[in-house]
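A.B. asks: What follows is a structure written as structure tokens; I'll ask about it next.
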Amino acid sequence: MQDLRDSLPDRITPPASYITTPLTPPPTDSKPTKLALKVLDTLQQYRDGRQISKSQWHTYKIRHEEYSNLIGLIKKEESLSTFVENKFRYDYNSSTEALTLRIPSYLHEVFLASVVEEIQSKLRAFTSTESRSKAFAEKVKHYGSCRLDLQSGNNDSQVIIRREPDAMFNHCDAHWPGVIIEVSYSQKTKAIPHLADDYILETNGSVRVVIGLDIDYKTKKGTISMWRPGYVKNKQGELELEATQTLYNQIFRDESGDPNPSPDAGLRLELKDFAPEDLAEGILDFFLIDSAKLCQFLNEAEQAEQETKQERRVVQHLLPGAKKRRRDETLPEEVSSDDDHRLADNRRRVRTRDSEDDSSYKSSQ
């Protein structure tokens, strides 16, 4: 099935097993559905800077055929495909016909980057020891937010569950990531337990821990939740794998902006969390990113976001009298419906308007 990301120019390339083969775009005589065109138009508006919605979460109920059709339409426009790959994260489940488009905020990305960097620092600390943990930690890599196609023997062969976690860490000898991180906000907070189910159940527990870092944008509160694989018996006495929540909304920053003073509070990870049990046998080390450090990361991310919005940071200026030269953008040569023509005309009008207001050769102020 289709993966919008045929390449990851600024990220580590994930193992090939994560990525399914590219979907062949729909035949040119296949008329796109209204829903597919609606989603396409939303993406185009974001790309052209015309989308004024502040929502970071868009959900559509879309049949798999429509989803495949949409992927084909996106791939027809190189600029749109690149934009979606770099700016959007999306999840799709063919059984529920739910397509979710997520747009990470500046705050979200800066905070996440700090957490990831700290985890990498903790892992590097083990590589300087002479314990068994050294060789293990050296093989744990950060794979960014690569897309995962999840299927198991419990799923119908036609069911597609596609997820794109915010961050994941993978042992080089493991098929699936061991640690997955999701930074949640508003709509996404309620979705995290279901995402944990997908990650853990559809990998048969190969995903060892799912971390939810929840940021309440209305207050200063920040919390941590964690899910791990666990086996329970049903009423028939049969074993069932479930995603067991092992940490419930532990506060790392309270509503006053202060860190949790408990010495045990924070993000605690076992080194063995980063790989399946067969690869982590005898690995006993762990590390803790305490609440004070997480609070610091969130404070710094908020400050960076505010300074960026207020344009208080240093920028590069054009040389006096210099103009800007922008490449011409070539529209797709082939369109498959009247709706495609309408959308292409809309884009041409936008570009014409922009060129009248601010030509491709812009004088410096």
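In the structure tokens, chains take letters A, B, ... by order of appearance, with residues numbered from 1 within each chain and ligands from 1 in the order shown.
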List as a PyMOL selection string the protein and nucleic acid residues near Ala301 (chain A), meaning an atom at most 9 Å away when only C-alpha atoms are counted, but skip any in the same chain fewer than 3 places from it.
C.D. replies: chain A and resi 106-111+114+296-298+304-306
A.B. asks: Against region 162-169 of chain A, which residues of region 125-152 of chain A fall within 8 Å? For each one I want the closest pair of atoms and the distance in Å (one decimal), counting only C-alpha atoms, rows by chain and increasing residue number, as JSON lines.
C.D. replies:
{"residue": "A:Val140", "atom": "CA", "partner": "A:Phe169", "partner_atom": "CA", "distance": 6.5}
{"residue": "A:Lys141", "atom": "CA", "partner": "A:Phe169", "partner_atom": "CA", "distance": 5.5}
{"residue": "A:His142", "atom": "CA", "partner": "A:Phe169", "partner_atom": "CA", "distance": 4.5}
{"residue": "A:Tyr143", "atom": "CA", "partner": "A:Met168", "partner_atom": "CA", "distance": 5.7}
{"residue": "A:Gly144", "atom": "CA", "partner": "A:Ala167", "partner_atom": "CA", "distance": 4.8}
{"residue": "A:Ser145", "atom": "CA", "partner": "A:Ala167", "partner_atom": "CA", "distance": 4.8}
{"residue": "A:Cys146", "atom": "CA", "partner": "A:Glu164", "partner_atom": "CA", "distance": 5.9}
{"residue": "A:Arg147", "atom": "CA", "partner": "A:Glu164", "partner_atom": "CA", "distance": 4.4}
{"residue": "A:Leu148", "atom": "CA", "partner": "A:Arg163", "partner_atom": "CA", "distance": 5.2}
{"residue": "A:Asp149", "atom": "CA", "partner": "A:Arg162", "partner_atom": "CA", "distance": 4.7}
{"residue": "A:Leu150", "atom": "CA", "partner": "A:Arg162", "partner_atom": "CA", "distance": 6.2}
A.B. asks: Emit the selected residues as a compact mmCIF listing (two decimals), in the first residue's frame, including C-alpha atoms.
C.D. replies:
# COMPACT_ATOMS: atom_id res chain seq x y z
CA VAL A 140 19.54 1.56 19.63
CA LYS A 141 18.76 4.27 17.06
CA HIS A 142 16.26 7.07 16.80
CA TYR A 143 14.13 6.62 13.65
CA GLY A 144 12.15 9.88 13.82
CA SER A 145 8.49 9.73 12.85
CA CYS A 146 8.57 7.06 10.15
CA ARG A 147 5.28 5.50 9.13
CA LEU A 148 4.39 2.02 10.32
CA ASP A 149 2.09 -0.40 8.53
CA LEU A 150 0.60 -2.65 11.17
A.B. asks: Could you pull out the strand (DSSP E or B) residues of region 44-123 of chain A, going by DSSP on the backbone, and write them as a VMD selection string?
C.D. replies: chain A and resid 57 to 61 89 to 93 98 to 102
A.B. asks: For the atom pair CA of Ala113 (chain A) and CA of Phe286 (chain A), what is the interatomic distance in Å to one decimal place?
C.D. replies: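 Rounded to one decimal, the two atoms are 20.8 Å apart.
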A.B. asks: So that I can check the surroundings of Val84 (chain A), please list as a PyMOL selection string every protein, DNA and RNA residue that reaches within 9 Å of it, counting only C-alpha atoms and ignoring chain neighbours fewer than 2 positions away.
C.D. replies: chain A and resi 4-5+43+47+74+79-82+86-89
